[in-house]
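Data from target.pdb: PDB, C-alpha atoms
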```pdb
ATOM      1  CA  MET A   1      91.591 132.279  97.219
ATOM      2  CA  GLY A   2      88.578 130.704  98.912
ATOM      3  CA  PHE A   3      89.369 127.205  97.637
ATOM      4  CA  LEU A   4      92.989 127.434  98.747
ATOM      5  CA  ASP A   5      91.893 128.647 102.190
ATOM      6  CA  ASN A   6      89.528 125.706 102.531
ATOM      7  CA  LEU A   7      92.162 123.296 101.303
ATOM      8  CA  ILE A   8      94.625 124.530 103.933
ATOM      9  CA  ASN A   9      91.955 124.226 106.630
ATOM     10  CA  GLY A  10      91.196 120.721 105.401
ATOM     11  CA  ILE A  11      94.858 119.728 105.602
ATOM     12  CA  SER A  12      95.048 121.187 109.116
ATOM     13  CA  LEU A  13      91.976 119.267 110.299
ATOM     14  CA  GLY A  14      93.162 116.171 108.462
ATOM     15  CA  SER A  15      96.531 116.344 110.197
ATOM     16  CA  ILE A  16      94.764 116.244 113.578
ATOM     17  CA  TYR A  17      92.641 113.311 112.418
ATOM     18  CA  ALA A  18      95.827 111.587 111.279
ATOM     19  CA  VAL A  19      97.440 111.870 114.731
ATOM     20  CA  ILE A  20      94.279 110.465 116.343
ATOM     21  CA  ALA A  21      93.993 107.727 113.702
ATOM     22  CA  LEU A  22      97.526 106.563 114.464
ATOM     23  CA  GLY A  23      96.346 105.522 117.931
ATOM     24  CA  TYR A  24      93.582 103.402 116.426
ATOM     25  CA  THR A  25      95.785 101.886 113.749
ATOM     26  CA  LEU A  26      98.586 101.019 116.189
ATOM     27  CA  VAL A  27      96.321  99.182 118.617
ATOM     28  CA  TYR A  28      94.413  97.390 115.893
ATOM     29  CA  GLY A  29      97.544  96.561 113.920
ATOM     30  CA  ILE A  30      99.302  95.024 116.927
ATOM     31  CA  ALA A  31      96.554  93.751 119.231
ATOM     32  CA  LYS A  32      93.710  93.404 116.688
ATOM     33  CA  MET A  33      91.467  95.424 119.000
ATOM     34  CA  LEU A  34      89.280  98.453 118.283
ATOM     35  CA  ASN A  35      89.875 100.818 121.177
ATOM     36  CA  PHE A  36      86.821 103.077 120.950
ATOM     37  CA  ALA A  37      87.843 104.741 124.214
ATOM     38  CA  HIS A  38      90.731 106.398 122.357
ATOM     39  CA  GLY A  39      88.733 109.552 121.622
ATOM     40  CA  ASP A  40      88.006 109.978 125.321
ATOM     41  CA  VAL A  41      91.701 109.683 126.200
ATOM     42  CA  ILE A  42      92.113 112.723 123.930
ATOM     43  CA  MET A  43      89.520 114.536 126.048
ATOM     44  CA  VAL A  44      91.403 113.573 129.231
ATOM     45  CA  GLY A  45      94.617 114.897 127.708
ATOM     46  CA  GLY A  46      92.925 118.200 126.927
ATOM     47  CA  TYR A  47      91.633 118.546 130.477
ATOM     48  CA  VAL A  48      95.071 117.759 131.945
ATOM     49  CA  ILE A  49      96.635 120.506 129.837
ATOM     50  CA  PHE A  50      93.821 122.919 130.724
ATOM     51  CA  THR A  51      94.213 122.206 134.456
ATOM     52  CA  MET A  52      97.993 122.527 134.346
ATOM     53  CA  MET A  53      97.836 125.868 132.556
ATOM     54  CA  THR A  54      94.898 127.557 134.295
ATOM     55  CA  THR A  55      95.012 126.180 137.843
ATOM     56  CA  LEU A  56      98.713 125.462 138.361
ATOM     57  CA  HIS A  57     100.027 128.044 135.838
ATOM     58  CA  VAL A  58     102.438 125.570 134.268
ATOM     59  CA  ASN A  59     104.268 126.369 131.019
ATOM     60  CA  PRO A  60     102.191 125.216 127.987
ATOM     61  CA  TYR A  61     104.860 122.893 126.603
ATOM     62  CA  LEU A  62     105.515 121.374 130.014
ATOM     63  CA  SER A  63     101.744 120.947 130.346
ATOM     64  CA  ILE A  64     101.735 118.910 127.131
ATOM     65  CA  LEU A  65     104.522 116.671 128.452
ATOM     66  CA  ILE A  66     102.624 116.144 131.714
ATOM     67  CA  SER A  67      99.487 115.370 129.720
ATOM     68  CA  MET A  68     101.391 112.835 127.606
ATOM     69  CA  ALA A  69     102.665 111.137 130.779
ATOM     70  CA  ALA A  70      99.169 111.103 132.308
ATOM     71  CA  CYS A  71      97.547 109.712 129.151
ATOM     72  CA  THR A  72     100.294 107.108 128.749
ATOM     73  CA  LEU A  73      99.654 105.918 132.296
ATOM     74  CA  LEU A  74      95.901 105.973 131.660
ATOM     75  CA  GLY A  75      96.305 103.928 128.484
ATOM     76  CA  ILE A  76      98.412 101.294 130.245
ATOM     77  CA  THR A  77      95.886 101.148 133.116
ATOM     78  CA  ILE A  78      92.943 100.733 130.733
ATOM     79  CA  GLU A  79      94.758  97.953 128.891
ATOM     80  CA  LYS A  80      95.667  96.111 132.101
ATOM     81  CA  ILE A  81      92.232  96.377 133.755
ATOM     82  CA  ALA A  82      89.777  96.329 130.845
ATOM     83  CA  TYR A  83      91.424  94.633 127.875
ATOM     84  CA  LYS A  84      94.061  92.207 129.151
ATOM     85  CA  PRO A  85      91.485  89.849 130.730
ATOM     86  CA  LEU A  86      89.802  89.651 127.296
ATOM     87  CA  ARG A  87      92.811  88.418 125.299
ATOM     88  CA  GLN A  88      90.974  85.233 124.304
ATOM     89  CA  ALA A  89      87.481  86.746 124.267
ATOM     90  CA  THR A  90      85.385  87.427 121.179
ATOM     91  CA  SER A  91      85.682  90.699 119.274
ATOM     92  CA  LEU A  92      82.172  91.654 120.387
ATOM     93  CA  SER A  93      83.163  91.377 124.066
ATOM     94  CA  VAL A  94      86.157  93.641 123.502
ATOM     95  CA  LEU A  95      84.026  96.131 121.563
ATOM     96  CA  ILE A  96      81.398  96.334 124.326
ATOM     97  CA  THR A  97      84.157  96.777 126.924
ATOM     98  CA  ALA A  98      85.703  99.603 124.889
ATOM     99  CA  ILE A  99      82.348 101.379 124.707
ATOM    100  CA  GLY A 100      81.971 100.925 128.471
ATOM    101  CA  VAL A 101      85.415 102.429 129.107
ATOM    102  CA  SER A 102      84.476 105.346 126.833
ATOM    103  CA  TYR A 103      81.307 106.129 128.815
ATOM    104  CA  PHE A 104      83.196 105.721 132.084
ATOM    105  CA  LEU A 105      85.811 108.336 131.065
ATOM    106  CA  GLN A 106      83.151 110.735 129.797
ATOM    107  CA  ASN A 107      81.145 110.523 133.008
ATOM    108  CA  MET A 108      84.228 110.855 135.209
ATOM    109  CA  ALA A 109      85.112 114.054 133.343
ATOM    110  CA  LEU A 110      81.524 115.223 133.802
ATOM    111  CA  LEU A 111      81.727 114.663 137.560
ATOM    112  CA  ILE A 112      85.135 116.304 137.946
ATOM    113  CA  PHE A 113      84.883 119.258 135.551
ATOM    114  CA  GLY A 114      81.129 119.741 135.231
ATOM    115  CA  GLU A 115      78.879 119.838 132.192
ATOM    116  CA  LYS A 116      79.711 123.405 131.173
ATOM    117  CA  PRO A 117      82.310 123.580 128.373
ATOM    118  CA  VAL A 118      85.473 125.543 129.113
ATOM    119  CA  THR A 119      87.484 127.798 126.826
ATOM    120  CA  PHE A 120      90.854 126.302 126.005
ATOM    121  CA  THR A 121      93.855 128.618 125.579
ATOM    122  CA  SER A 122      96.037 127.638 122.632
ATOM    123  CA  VAL A 123      99.351 126.049 123.597
ATOM    124  CA  ILE A 124     100.886 126.852 120.217
ATOM    125  CA  ASN A 125     103.004 129.941 119.831
ATOM    126  CA  LEU A 126     104.351 129.991 116.280
ATOM    127  CA  PRO A 127     104.378 132.907 113.832
ATOM    128  CA  LYS A 128     101.606 133.131 111.269
ATOM    129  CA  ILE A 129     102.518 132.586 107.617
ATOM    130  CA  THR A 130     101.254 135.192 105.152
ATOM    131  CA  LEU A 131     100.944 134.372 101.443
ATOM    132  CA  PHE A 132      99.901 136.349  98.354
ATOM    133  CA  ASP A 133     100.266 139.766 100.007
ATOM    134  CA  GLY A 134      98.095 138.856 102.957
ATOM    135  CA  GLN A 135      95.271 137.224 101.001
ATOM    136  CA  ILE A 136      96.006 133.911 102.715
ATOM    137  CA  ILE A 137      97.058 133.659 106.349
ATOM    138  CA  ILE A 138      98.108 130.269 107.676
ATOM    139  CA  LYS A 139      97.496 130.157 111.422
ATOM    140  CA  SER A 140     100.102 128.853 113.811
ATOM    141  CA  GLU A 141      97.784 125.980 114.822
ATOM    142  CA  THR A 142      97.628 124.866 111.182
ATOM    143  CA  THR A 143     101.402 124.918 110.812
ATOM    144  CA  ALA A 144     101.879 123.039 114.078
ATOM    145  CA  ALA A 145      99.300 120.366 113.183
ATOM    146  CA  ILE A 146     100.953 119.637 109.836
ATOM    147  CA  ILE A 147     104.504 119.583 111.215
ATOM    148  CA  VAL A 148     103.609 117.461 114.244
ATOM    149  CA  SER A 149     101.645 114.909 112.217
ATOM    150  CA  VAL A 150     104.484 114.464 109.707
ATOM    151  CA  LEU A 151     107.085 114.118 112.469
ATOM    152  CA  ILE A 152     104.964 111.551 114.325
ATOM    153  CA  VAL A 153     104.359 109.443 111.212
ATOM    154  CA  VAL A 154     108.059 109.451 110.314
ATOM    155  CA  GLY A 155     109.088 108.770 113.919
ATOM    156  CA  LEU A 156     106.609 105.919 114.343
ATOM    157  CA  SER A 157     107.609 104.342 111.038
ATOM    158  CA  LEU A 158     111.266 104.407 112.036
ATOM    159  CA  PHE A 159     110.472 103.080 115.512
ATOM    160  CA  VAL A 160     108.396 100.166 114.236
ATOM    161  CA  ASN A 161     110.815  99.159 111.480
ATOM    162  CA  LYS A 162     114.197  99.925 113.042
ATOM    163  CA  THR A 163     114.002  99.219 116.773
ATOM    164  CA  ARG A 164     113.843  95.941 118.676
ATOM    165  CA  SER A 165     110.562  96.885 120.358
ATOM    166  CA  GLY A 166     109.111  97.907 117.008
ATOM    167  CA  ARG A 167     110.053  94.607 115.412
ATOM    168  CA  ALA A 168     108.489  92.844 118.401
ATOM    169  CA  MET A 169     105.277  94.743 117.637
ATOM    170  CA  LEU A 170     105.409  93.565 114.029
ATOM    171  CA  ALA A 171     105.929  89.988 115.171
ATOM    172  CA  VAL A 172     102.990  90.154 117.588
ATOM    173  CA  SER A 173     100.799  91.650 114.854
ATOM    174  CA  GLU A 174     101.606  88.691 112.602
ATOM    175  CA  ASP A 175     101.116  85.870 115.125
ATOM    176  CA  LYS A 176     100.929  86.276 118.908
ATOM    177  CA  ASP A 177     101.575  82.589 119.654
ATOM    178  CA  ALA A 178     104.574  82.347 117.341
ATOM    179  CA  ALA A 179     105.985  85.599 118.740
ATOM    180  CA  GLN A 180     105.678  84.244 122.283
ATOM    181  CA  LEU A 181     107.502  81.056 121.257
ATOM    182  CA  MET A 182     110.316  83.244 119.916
ATOM    183  CA  GLY A 183     110.744  84.836 123.352
ATOM    184  CA  ILE A 184     108.723  88.006 122.842
ATOM    185  CA  ASN A 185     106.713  89.209 125.835
ATOM    186  CA  VAL A 186     103.337  89.654 124.144
ATOM    187  CA  ASN A 187     101.635  91.332 127.104
ATOM    188  CA  ARG A 188     104.417  93.890 127.480
ATOM    189  CA  THR A 189     104.407  94.581 123.740
ATOM    190  CA  ILE A 190     100.658  95.213 123.725
ATOM    191  CA  SER A 191     100.986  97.448 126.805
ATOM    192  CA  LEU A 192     103.716  99.415 125.000
ATOM    193  CA  THR A 193     101.391  99.826 122.031
ATOM    194  CA  PHE A 194      98.635 101.244 124.256
ATOM    195  CA  ALA A 195     101.182 103.510 125.963
ATOM    196  CA  ILE A 196     102.364 104.979 122.655
ATOM    197  CA  GLY A 197      98.821 105.357 121.308
ATOM    198  CA  SER A 198      97.615 107.084 124.481
ATOM    199  CA  GLY A 199     100.642 109.387 124.546
ATOM    200  CA  LEU A 200      99.799 110.418 120.988
ATOM    201  CA  ALA A 201      96.223 111.045 122.146
ATOM    202  CA  ALA A 202      97.530 113.761 124.474
ATOM    203  CA  VAL A 203      99.328 115.415 121.548
ATOM    204  CA  ALA A 204      96.153 115.169 119.486
ATOM    205  CA  GLY A 205      94.222 116.721 122.384
ATOM    206  CA  ALA A 206      96.602 119.681 122.453
ATOM    207  CA  LEU A 207      96.278 120.214 118.688
ATOM    208  CA  LEU A 208      92.509 119.702 118.625
ATOM    209  CA  CYS A 209      91.729 122.004 121.556
ATOM    210  CA  SER A 210      94.142 124.680 120.304
ATOM    211  CA  THR A 211      92.449 124.674 116.889
ATOM    212  CA  TYR A 212      88.875 124.380 118.214
ATOM    213  CA  PRO A 213      89.159 125.959 121.682
ATOM    214  CA  VAL A 214      86.090 124.526 123.413
ATOM    215  CA  LEU A 215      86.666 121.655 125.817
ATOM    216  CA  SER A 216      83.983 119.389 127.307
ATOM    217  CA  ASN A 217      83.546 115.765 128.312
ATOM    218  CA  THR A 218      82.495 114.907 124.734
ATOM    219  CA  THR A 219      85.299 116.809 122.989
ATOM    220  CA  GLY A 220      87.034 113.682 121.683
ATOM    221  CA  ALA A 221      83.904 111.731 120.703
ATOM    222  CA  MET A 222      83.188 112.943 117.164
ATOM    223  CA  PRO A 223      86.849 113.577 116.190
ATOM    224  CA  GLY A 224      87.569 110.087 117.494
ATOM    225  CA  ILE A 225      84.895 108.557 115.271
ATOM    226  CA  LYS A 226      86.087 110.491 112.229
ATOM    227  CA  ALA A 227      89.692 109.520 112.956
ATOM    228  CA  PHE A 228      88.597 105.888 113.112
ATOM    229  CA  VAL A 229      86.967 106.412 109.705
ATOM    230  CA  ALA A 230      90.276 107.889 108.519
ATOM    231  CA  ALA A 231      92.178 104.844 109.796
ATOM    232  CA  VAL A 232      89.796 102.498 107.957
ATOM    233  CA  PHE A 233      89.888 104.749 104.886
ATOM    234  CA  GLY A 234      93.684 104.646 104.706
ATOM    235  CA  GLY A 235      93.930 100.963 105.654
ATOM    236  CA  ILE A 236      93.705 100.246 109.365
ATOM    237  CA  GLY A 237      96.986  98.840 110.635
ATOM    238  CA  SER A 238      99.031 100.981 108.232
ATOM    239  CA  ILE A 239     100.874 104.002 109.665
ATOM    240  CA  PRO A 240     101.192 105.852 106.304
ATOM    241  CA  GLY A 241      97.581 104.856 105.605
ATOM    242  CA  ALA A 242      96.432 106.629 108.778
ATOM    243  CA  MET A 243      98.173 109.796 107.578
ATOM    244  CA  ILE A 244      96.685 109.606 104.091
ATOM    245  CA  GLY A 245      93.237 108.727 105.410
ATOM    246  CA  GLY A 246      93.310 111.562 107.936
ATOM    247  CA  LEU A 247      94.271 114.146 105.344
ATOM    248  CA  LEU A 248      91.644 112.965 102.864
ATOM    249  CA  ILE A 249      88.870 112.890 105.464
ATOM    250  CA  GLY A 250      89.819 116.381 106.678
ATOM    251  CA  ILE A 251      89.863 117.822 103.166
ATOM    252  CA  ILE A 252      86.584 116.115 102.197
ATOM    253  CA  GLU A 253      84.878 117.402 105.344
ATOM    254  CA  ILE A 254      85.987 121.020 104.941
ATOM    255  CA  LEU A 255      85.265 121.163 101.190
ATOM    256  CA  GLY A 256      81.898 119.479 101.714
ATOM    257  CA  ARG A 257      81.052 121.995 104.420
ATOM    258  CA  ALA A 258      82.121 124.924 102.230
ATOM    259  CA  TYR A 259      80.695 123.955  98.834
ATOM    260  CA  ILE A 260      77.819 121.527  99.500
ATOM    261  CA  SER A 261      76.245 121.871 102.946
ATOM    262  CA  PRO A 262      77.535 122.325 106.509
ATOM    263  CA  GLN A 263      74.750 120.010 107.714
ATOM    264  CA  LEU A 264      75.697 117.269 105.248
ATOM    265  CA  ALA A 265      79.486 117.444 105.704
ATOM    266  CA  ASP A 266      79.618 114.479 108.098
ATOM    267  CA  ALA A 267      77.288 112.432 105.900
ATOM    268  CA  ILE A 268      79.517 113.113 102.908
ATOM    269  CA  VAL A 269      82.551 111.831 104.832
ATOM    270  CA  PHE A 270      80.831 108.543 105.668
ATOM    271  CA  ALA A 271      79.405 108.230 102.144
ATOM    272  CA  VAL A 272      82.894 108.548 100.648
ATOM    273  CA  LEU A 273      84.140 105.900 103.086
ATOM    274  CA  ILE A 274      81.394 103.500 101.970
ATOM    275  CA  ILE A 275      82.250 104.070  98.307
ATOM    276  CA  VAL A 276      85.977 103.518  98.899
ATOM    277  CA  LEU A 277      85.355 100.325 100.883
ATOM    278  CA  MET A 278      83.086  99.011  98.131
ATOM    279  CA  VAL A 279      85.956  99.400  95.673
ATOM    280  CA  LYS A 280      88.787  98.436  98.050
ATOM    281  CA  PRO A 281      87.512  96.810 101.267
ATOM    282  CA  THR A 282      90.916  96.897 102.967
ATOM    283  CA  GLY A 283      91.307 100.668 102.519
ATOM    284  CA  ILE A 284      93.771 102.621 100.405
ATOM    285  CA  LEU A 285      96.988 101.068 101.765
ATOM    286  CA  GLY A 286      95.458  98.054 103.482
ATOM    287  CA  LYS A 287      96.568  94.566 102.487
ATOM    288  CA  LYS A 288      94.322  91.576 102.056
ATOM    289  CA  VAL A 289      95.264  88.875 104.542
ATOM    290  CA  SER A 290      94.552  85.232 103.793
ATOM    291  CA  GLU A 291      93.716  83.098 106.816
ATOM    292  CA  LYS A 292      94.641  79.440 106.958
ATOM    293  CA  VAL A 293      91.815  77.126 107.948
TER
END
```
What does this structure look like when you write it as structure tokens?
Amino acid sequence: MGFLDNLINGISLGSIYAVIALGYTLVYGIAKMLNFAHGDVIMVGGYVIFTMMTTLHVNPYLSILISMAACTLLGITIEKIAYKPLRQATSLSVLITAIGVSYFLQNMALLIFGEKPVTFTSVINLPKITLFDGQIIIKSETTAAIIVSVLIVVGLSLFVNKTRSGRAMLAVSEDKDAAQLMGINVNRTISLTFAIGSGLAAVAGALLCSTYPVLSNTTGAMPGIKAFVAAVFGGIGSIPGAMIGGLLIGIIEILGRAYISPQLADAIVFAVLIIVLMVKPTGILGKKVSEKV
């Protein structure tokens, strides 16, 4: 049952990557920006939940809602202060700014919470699932990660395709100038995109810290990078692609760690990404876009 155990763990980890990747794919799909500070918003969300639960003794689920509100506000603030002035700037300028925001959040967390990692208490309280007479036990964190990721993907897909705000996002992603001429408030639409992505980061923080219960100012850094890889793998800008990419990256990482080498697991993930992009540069579900000159 070792392979099945590893596969389940891979799906669990991949589900967390998928939730994180959705933040990247939303912002890139709508605003055509790579928000590399997204992983650090996850870290902030984890610290908000930790503070609510340990210092203020707030209910875990209420702590998650407060964290979502805090991260949503943080995402909107980052977009207004750091990214909005760079609407017409080059991609390199935006990328450097995103890296700067990332270091700023990490160092603020270091000043406030210190450099010593803290132990995070799981916010998930679901029954374990036992299969094959106890040979396989699916932890509550695994079940929650899978259920939450599926619900978020379905909910986001419905929101983008069925609501007025979602259709505005699609219009902005196609052509900002044309969308503005049609009466769409581009700035508000982009701010909404950052708000949704940052709110999801808080959920991802809750799932990540509950599954791997050590929280520090760099908690979201590596998962954030791997989730970005997942978004590119699945086709950045595609919501189902983020889900597929996240699951595949999670499974590849866990199986590589179990059957090849724990030290080479990360290298294997990036090697697979390179191979996939050589065959299909736009990712699994990505579409090739022709630009008029």
Tell me which protein, DNA and RNA residues are within 8 Å of segment 165-170 of chain A, counting only C-alpha atoms, leaving out same-chain ones fewer than 6 positions away, and put them as a ChimeraX atom specification. /A:30,159,179,184,189-190,193
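What separates atom CA of Val232 of chain A from atom CA of Val19 of chain A is a distance of 13.9 Å.
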Any chance you could work out the residue set of the PyMOL selection byres ((chain A and resi 263-274) around 10) here, as a PyMOL selection string? chain A and resi 222+226+229-230+232-234+245+248-262+275-281+283
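The residues returned by the PyMOL selection byres ((chain A and resi 125) around 10) on the shown structure are Pro60, Tyr61, Ser122, Val123, Ile124, Leu126, Pro127, Lys128, Ser140, Glu141 and Ala144 of chain A.
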Okay, now the selection with C-alpha atoms, as a PDB file, in the coordinates of the input?
```pdb
ATOM      1  CA  PRO A  60     102.191 125.216 127.987  1.00  0.00           C
ATOM      2  CA  TYR A  61     104.860 122.893 126.603  1.00  0.00           C
ATOM      3  CA  SER A 122      96.037 127.638 122.632  1.00  0.00           C
ATOM      4  CA  VAL A 123      99.351 126.049 123.597  1.00  0.00           C
ATOM      5  CA  ILE A 124     100.886 126.852 120.217  1.00  0.00           C
ATOM      6  CA  LEU A 126     104.351 129.991 116.280  1.00  0.00           C
ATOM      7  CA  PRO A 127     104.378 132.907 113.832  1.00  0.00           C
ATOM      8  CA  LYS A 128     101.606 133.131 111.269  1.00  0.00           C
ATOM      9  CA  SER A 140     100.102 128.853 113.811  1.00  0.00           C
ATOM     10  CA  GLU A 141      97.784 125.980 114.822  1.00  0.00           C
ATOM     11  CA  ALA A 144     101.879 123.039 114.078  1.00  0.00           C
TER      12      ALA A 144
END
```
Report the residues retrieved by the PyMOL selection byres ((chain A and resi 208) around 10) from the displayed file, expressed as a ChimeraX atom specification. /A:12-13,15-17,20,42-43,46,122,141,145,202-207,209-215,219-220,223
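Across the model, the gap from atom CA of Ile49 of chain A to atom CA of Ser63 of chain A is 5.2 Å.
Between atom CA of Gly286 of chain A and atom CA of Ala242 of chain A lies a distance of 10.1 Å.
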Nearest residue to Ala221 of chain A out of A:Met243, A:Val154, A:Ile99, A:Ala18, using only C-alpha atoms? A:Ile99
Please identify all polymer residues within 6 Å of Thr72 of chain A, counting all atoms listed in the file, omitting same-chain residues fewer than 2 positions from it, and present them as a PDB file with C-alpha atoms, in the coordinates of the input.
```pdb
ATOM      1  CA  MET A  68     101.391 112.835 127.606  1.00  0.00           C
ATOM      2  CA  ALA A  69     102.665 111.137 130.779  1.00  0.00           C
ATOM      3  CA  ALA A  70      99.169 111.103 132.308  1.00  0.00           C
ATOM      4  CA  LEU A  74      95.901 105.973 131.660  1.00  0.00           C
ATOM      5  CA  GLY A  75      96.305 103.928 128.484  1.00  0.00           C
ATOM      6  CA  ALA A 195     101.182 103.510 125.963  1.00  0.00           C
ATOM      7  CA  SER A 198      97.615 107.084 124.481  1.00  0.00           C
ATOM      8  CA  GLY A 199     100.642 109.387 124.546  1.00  0.00           C
TER       9      GLY A 199
END
```
Enclosing box along x, y and z for every listed atom of segment 232-245 of chain A, padded 8 Å each side, centre and size in Å, one decimal, as lines of an AutoDock Vina configuration file:
```
center_x = 95.5
center_y = 104.3
center_z = 107.4
size_x = 27.4
size_y = 27.0
size_z = 22.5
```
Contacts of segment 80-91 of chain A at 8 Å (all atoms listed in the file; same-chain gap of 4+ positions) as a PyMOL selection string: chain A and resi 33+76+95+97-98+101+187+191
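Each of A:Ile64, A:Gln106, A:Leu111, A:Leu34 was checked against Met52 of chain A using all atoms listed in the file; the smallest atom-to-atom distance is that of A:Ile64.
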